[in-house]
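These notes are about the structure you will find just below.
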Number of protein chains: 2
Amino acid sequence: MPFLRYDVTSGDWVVFSPERARRPHEFRRLMASAATPAEGTGPCPFCPGNEWMTGREIYAVRASGGPNDAGWRIRVVPNKFPALRIEEDNQHVEEGPLFRRLGGCGAHEVVIESPQHDTFLAYQPVEHIAELLGVLQFRHNDLLKDARIQQIVIFKNHGERAGTSLRHPHWQVIATPVVPRLLRLKHRLATDYFDLTGHCLYCEMVREEIAAEARLVALTERFVALAPYAAHMPFETWILPRYHQASFGQASAAELRELAELLRQVLLKLSTALNNPDFNLTINTVPRGEENEPYFLWHLQILPRLTTPAGFELGSGMSINLVLPEEAAAYLRDQEINS
Amino acid sequence: MPFLRYDVTSGDWVVFSPERARRPHEFRRLMASAATPAEGTGPCPFCPGNEWMTGREIYAVRASGGPNDAGWRIRVVPNKFPALRIEEDNQHVEEGPLFRRLGGCGAHEVVIESPQHDTFLAYQPVEHIAELLGVLQFRHNDLLKDARIQQIVIFKNHGERAGTSLRHPHWQVIATPVVPRLLRLKHRLATDYFDLTGHCLYCEMVREEIAAEARLVALTERFVALAPYAAHMPFETWILPRYHQASFGQASAAELRELAELLRQVLLKLSTALNNPDFNLTINTVPRGEENEPYFLWHLQILPRLTTPAGFELGSGMSINLVLPEEAAAYLRDQEINS
């Protein structure tokens with residue numbers, strides 16, 4: 001059963017997940033992320049007809065059939081080896097003056113993108129992508145009904161270098177019983193900015209980037225895709241709302257439809273420009289209870305995995321980026337895509 | 001010429017290094033770290049006889065020959081494509097209300113471990129490892145003489161998954177004109193602990209870990225190797241002094257000799273246990289001017305690259321660890337090595 005431990009030196013909580021743990025001697029070579037659904041050999045557990053291979057479905061969008069039958073378009077199932085589980089408690093236990101442990105309360109769900117085993121998200125119809133974003137939003141809002149949950153982290157791993165081992169396209173939703181330190185820090189910086197200026201830091205940034213133009217990738221009525229001024233990695237791309245909205249849970253169906261179209265375009269451009277690069281996609285949003293705060297703007301981060309963080313990055317937390325965001329944005333803007 | 005940009009959303013400075021940058025279209029597939037010396041094809045630039053292939057040597061320990069001749073045992077050269085350079089200024093430039101840029105003042109050196117192209121550090125004689133640690137310490141102290149330098153980051157990348165592309169064993173030393181945010185945060189947490197309790201957080205942790213025993217890997221008179229209570233990754237191993245010492249620059253020759261022996265043992269155990277895993281090794285130490293602070297303990301971090309950080313880790317900053325530090329430590333303790 002999973003639990004967390006507090007790192008007094010960095011202020012991070014670390015998830016320990018012995019259910020997915022292997023014995024030490026099995027550790028000689030691992031490739032995938034610790035948060036990737038464990039894959040066996042044999043048939044794909046995410047393909048239609050193999051519904052019995054996953055845990056009982058949590059939710060599905062389907063044209064036909066009942067729960068755990070085929071006929072679904074999007075399907076949400078529990079992660080087979082969950083990093084956190086709703087059945088655990090969120091009790092703190094002191095294991096020594098500096099050692100503090102927390103129950104592994106939370107959730108770890110897999111959102112199967114479509115019945116198709118091999119279709120890249122950007123090749124799905126816009127309506128399907130919008131529906132998928134709606135399912136992610138539903139899971140976000142539904143999981144937050146449990147008052148023990150503090151933060152929802154939504155992400156997708158595309159390709160081996162991005163930590164996936166299961167080819168069938170899927171997203172993951174992890175609900176945590178604490179606000180991760182990095183997110184707390186970002187929210188604190190944004191709050192400080194709001195306290196100082198009376199403005200949302202992210203809305204100001206969006207306004208400045210649109211005025212400057214150089215780092216824009218694409219623009220719609222309500223969203224902007226851009227390479228941030230201080231991008232941490234080559235071709236890092238963010239998609240943000242152009243009007244203040246703190247939580248992903250607040251986006252309207254019309255907004256998700258517009259976002260789906262923009263996301264499709266940006267992924268097509270990245271895929272064409274960089275020859276189907278491995279990437280992670282994450283949705284940054286506020287923790288529980290801050291949905292109406294004036295200080296944060298939820299956004300998507302697309303993080304291509306073109307370089308490997310090494311000793312400098314791990315030791316200092318600082319990044320070295322080899323590509324200017326202005327050059328990356330111009331290169332992406334210039335990509336011709338069939339839309 | 002390199003420079004830094006400030007990320008207002010995370011408080012990080014990001015290094016931009018256009019001298020090592022490739023054109024966007026060359027980015028279709030990269031494998032190594034942005035901080036790895038760029039490798040061409042052809043002869044190894046770090047092997048004896050090829051001294052002409054590097055920039056002019058900064059320092060060397062040699063039995064014979066003059067600067068840039070063969071005959072050296074350890075050789076320090078500039079990185080061919082430096083992330084930061086001593087020739088740059090450290091001027092701040094405002095490029096907009098939210099956009100701030102800083103000159104790429106600093107240094108980026110390569111410390112060639114030995115003349116041997118293919119010998120793993122742990123197979124070097126203890127005296128050689130001690131000499132190497134002495135050279136790293138000399139570069140640390142020497143670079144800090146430039147008052148513009150705020151932090152020295154020392155690291156080694158072992159293997160492709162750890163971000164290296166040059167096989168010949170080497171370390172890197174990067175001097176930065178700012179204190180990286182992660183290090184500042186760690187120092188702040190340790191200062192808060194000191195202000196609250198009057199004790200060094202790290203010394204207390206070392207005392208507790210030695211008393212608890214379960215996470216110890218090895219112990220000498222003046223150093224301890226352990227798997228930290230809230231290790232972020234499987235088999236993460238730290239080596240810390242047992243007596244308070246804030247800066248790596250303060251260790252005595254006798255201490256470095258003892259550290260060399262312990263480091264050799266720990267690396268042999270890791271290599272045996274995990275079949276020569278890729279890993280990063282970093283030296284954590286205080287920034288400029290805090291050498292005599294009572295709040296921090298310099299230490300080595302060995303970070304095996306057995307799993308791939310994916311969307312959850314990148315999006316939340318939180319880690320999922322599949323192996324309990326107690327199990328990792330016990331497994332390493334049990335490894336028989338020839339010493």
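Following the order of the structure tokens, first chain is A, next is B, and so on, with residues numbered from 1 inside each chain and ligands from 1 in the order they appear.
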
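Those residues that approach Arg288 of chain A to within 9 Å, counting only C-alpha atoms, are Leu144, Ala147, Ile149, Gln150, Gln151, Ile152, Val179, Val286, Glu290 and Glu291 of chain A; same-chain residues fewer than 2 positions away are not listed.
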
Original post:
Got a sec: who's within 10 Å of segment 112-117 of chain A, counting only C-alpha atoms, leaving out chain neighbours fewer than 4 positions off, as an MDAnalysis selection string?
Top reply: chainID A and resid 44 46:49 60:61 70:77 121 124 128:129 131:133 135 166:172

Counting only C-alpha atoms, which residues from chain A have an atom at most 6 Å from any atom of chain B, and could you show them as a short mmCIF file (atom, residue, chain, number, x, y, z; two decimals) with C-alpha atoms, in the first residue's frame?
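Produced file selection21.cif, reproduced below:
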```cif
data_model
loop_
_atom_site.label_atom_id
_atom_site.label_comp_id
_atom_site.auth_asym_id
_atom_site.auth_seq_id
_atom_site.Cartn_x
_atom_site.Cartn_y
_atom_site.Cartn_z
CA ARG A 5 7.50 10.55 3.02
CA ASP A 7 12.00 15.23 2.50
CA THR A 9 15.94 18.96 2.95
CA SER A 10 13.85 20.00 -0.07
CA VAL A 14 7.90 11.68 -2.19
CA VAL A 15 5.43 8.95 -3.15
CA PHE A 16 6.52 5.41 -2.28
CA SER A 17 4.63 2.82 -4.19
CA PRO A 18 5.67 -0.65 -3.04
CA ALA A 21 7.88 -1.89 -6.60
CA ARG A 28 19.24 -3.77 -13.06
CA LEU A 30 14.28 -0.23 -16.09
CA MET A 31 13.17 2.04 -18.85
CA ALA A 32 9.80 3.53 -18.11
CA SER A 33 8.42 6.05 -15.69
CA ALA A 34 7.41 5.02 -12.21
CA PHE A 155 -0.55 14.31 -17.84
CA ASN A 157 3.52 10.55 -21.78
CA ALA A 162 8.92 10.47 -22.14
CA GLY A 163 8.58 7.47 -19.83
CA PRO A 180 3.31 19.40 -4.52
CA LEU A 182 6.78 23.03 -6.99
CA LYS A 186 4.48 28.70 -8.43
CA ALA A 230 12.46 31.46 -20.19
CA LEU A 274 10.64 17.40 -34.99
CA ASN A 275 9.68 14.11 -36.64
CA ASN A 280 5.13 14.95 -21.97
CA THR A 282 0.74 18.29 -18.41
CA LEU A 306 14.95 16.13 -26.92
CA THR A 307 17.77 16.41 -24.40
CA THR A 308 18.49 14.43 -21.23
CA PRO A 309 18.67 16.28 -17.91
CA ALA A 310 22.02 15.36 -16.39
CA GLY A 311 24.15 16.08 -13.33
CA GLY A 315 22.26 18.87 -8.84
CA SER A 316 21.23 22.51 -9.22
CA GLY A 317 17.63 22.39 -10.45
CA SER A 319 18.15 24.11 -16.87
CA ILE A 320 20.35 24.68 -19.90
CA ASN A 321 18.32 25.33 -23.05
CA LEU A 322 20.02 25.09 -26.45
CA VAL A 323 17.27 26.68 -28.50
#
```

Once DSSP has gone over the backbone, tell me which residues of segment 217-263 of chain B are in strand (DSSP E or B), as a PDB file with C-alpha atoms, in the first residue's frame.
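Dumped to result.pdb:
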```pdb
ATOM      1  CA  VAL B 217      25.140   1.756   3.306  1.00  0.00           C
ATOM      2  CA  ALA B 218      28.600   2.208   4.813  1.00  0.00           C
ATOM      3  CA  LEU B 219      30.250   4.126   7.620  1.00  0.00           C
ATOM      4  CA  PHE B 223      31.822   9.957   6.575  1.00  0.00           C
ATOM      5  CA  VAL B 224      28.555   8.113   6.173  1.00  0.00           C
ATOM      6  CA  ALA B 225      26.938   6.678   3.021  1.00  0.00           C
ATOM      7  CA  LEU B 226      23.181   6.256   3.254  1.00  0.00           C
ATOM      8  CA  THR B 237      22.704   7.349  -2.196  1.00  0.00           C
ATOM      9  CA  TRP B 238      24.250  10.256  -0.300  1.00  0.00           C
ATOM     10  CA  ILE B 239      27.688  10.514   1.231  1.00  0.00           C
ATOM     11  CA  LEU B 240      27.931  13.119   4.004  1.00  0.00           C
ATOM     12  CA  PRO B 241      30.601  14.166   6.502  1.00  0.00           C
TER      13      PRO B 241
END
```

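Taking only C-alpha atoms, the non-local environment of Ala122 of chain B within 10 Å (same-chain residues fewer than 2 positions away omitted) comprises Thr119, Phe120, Gln124, Pro125, Val126, Ile129, Ala260, Glu261, Leu263, Arg264, Gln265, Val266, Leu267, Leu268, Lys269 and Ser271 of chain B.
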
Restricting the output to N, CA and C atoms, write the selected residues as a PDB file, in the first residue's frame.
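Okay, selection_29.pdb is ready:
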```pdb
ATOM      1  N   THR B 119      38.210   3.266 -18.133  1.00  0.00           N
ATOM      2  CA  THR B 119      38.274   2.701 -16.780  1.00  0.00           C
ATOM      3  C   THR B 119      37.267   3.389 -15.870  1.00  0.00           C
ATOM      4  N   PHE B 120      36.380   2.608 -15.295  1.00  0.00           N
ATOM      5  CA  PHE B 120      35.369   3.126 -14.369  1.00  0.00           C
ATOM      6  C   PHE B 120      36.070   3.669 -13.120  1.00  0.00           C
ATOM      7  N   GLN B 124      39.859   2.800 -10.258  1.00  0.00           N
ATOM      8  CA  GLN B 124      41.092   3.570 -10.071  1.00  0.00           C
ATOM      9  C   GLN B 124      41.611   3.332  -8.650  1.00  0.00           C
ATOM     10  N   PRO B 125      42.934   3.470  -8.449  1.00  0.00           N
ATOM     11  CA  PRO B 125      43.464   3.362  -7.083  1.00  0.00           C
ATOM     12  C   PRO B 125      42.882   4.475  -6.194  1.00  0.00           C
ATOM     13  N   VAL B 126      42.734   4.173  -4.910  1.00  0.00           N
ATOM     14  CA  VAL B 126      42.195   5.163  -3.982  1.00  0.00           C
ATOM     15  C   VAL B 126      42.989   6.470  -4.056  1.00  0.00           C
ATOM     16  N   ILE B 129      41.744   8.561  -6.889  1.00  0.00           N
ATOM     17  CA  ILE B 129      40.429   9.163  -6.623  1.00  0.00           C
ATOM     18  C   ILE B 129      40.590  10.335  -5.655  1.00  0.00           C
ATOM     19  N   ALA B 260      37.492   9.311  -0.661  1.00  0.00           N
ATOM     20  CA  ALA B 260      37.824   8.576  -1.887  1.00  0.00           C
ATOM     21  C   ALA B 260      37.614   7.080  -1.682  1.00  0.00           C
ATOM     22  N   GLU B 261      38.063   6.575  -0.558  1.00  0.00           N
ATOM     23  CA  GLU B 261      37.926   5.142  -0.265  1.00  0.00           C
ATOM     24  C   GLU B 261      36.448   4.760  -0.142  1.00  0.00           C
ATOM     25  N   LEU B 263      33.818   6.436  -1.389  1.00  0.00           N
ATOM     26  CA  LEU B 263      33.166   6.604  -2.694  1.00  0.00           C
ATOM     27  C   LEU B 263      33.451   5.400  -3.587  1.00  0.00           C
ATOM     28  N   ARG B 264      34.693   4.948  -3.561  1.00  0.00           N
ATOM     29  CA  ARG B 264      35.074   3.785  -4.361  1.00  0.00           C
ATOM     30  C   ARG B 264      34.239   2.563  -3.960  1.00  0.00           C
ATOM     31  N   GLN B 265      34.111   2.349  -2.663  1.00  0.00           N
ATOM     32  CA  GLN B 265      33.321   1.212  -2.171  1.00  0.00           C
ATOM     33  C   GLN B 265      31.851   1.312  -2.587  1.00  0.00           C
ATOM     34  N   VAL B 266      31.278   2.501  -2.416  1.00  0.00           N
ATOM     35  CA  VAL B 266      29.852   2.674  -2.729  1.00  0.00           C
ATOM     36  C   VAL B 266      29.618   2.482  -4.229  1.00  0.00           C
ATOM     37  N   LEU B 267      30.504   3.036  -5.059  1.00  0.00           N
ATOM     38  CA  LEU B 267      30.339   2.873  -6.508  1.00  0.00           C
ATOM     39  C   LEU B 267      30.504   1.411  -6.919  1.00  0.00           C
ATOM     40  N   LEU B 268      31.418   0.701  -6.278  1.00  0.00           N
ATOM     41  CA  LEU B 268      31.583  -0.727  -6.577  1.00  0.00           C
ATOM     42  C   LEU B 268      30.321  -1.499  -6.208  1.00  0.00           C
ATOM     43  N   LYS B 269      29.762  -1.170  -5.050  1.00  0.00           N
ATOM     44  CA  LYS B 269      28.543  -1.849  -4.612  1.00  0.00           C
ATOM     45  C   LYS B 269      27.393  -1.565  -5.583  1.00  0.00           C
ATOM     46  N   SER B 271      27.606  -0.683  -8.686  1.00  0.00           N
ATOM     47  CA  SER B 271      27.919  -1.276  -9.975  1.00  0.00           C
ATOM     48  C   SER B 271      27.654  -2.774  -9.954  1.00  0.00           C
TER      49      SER B 271
END
```
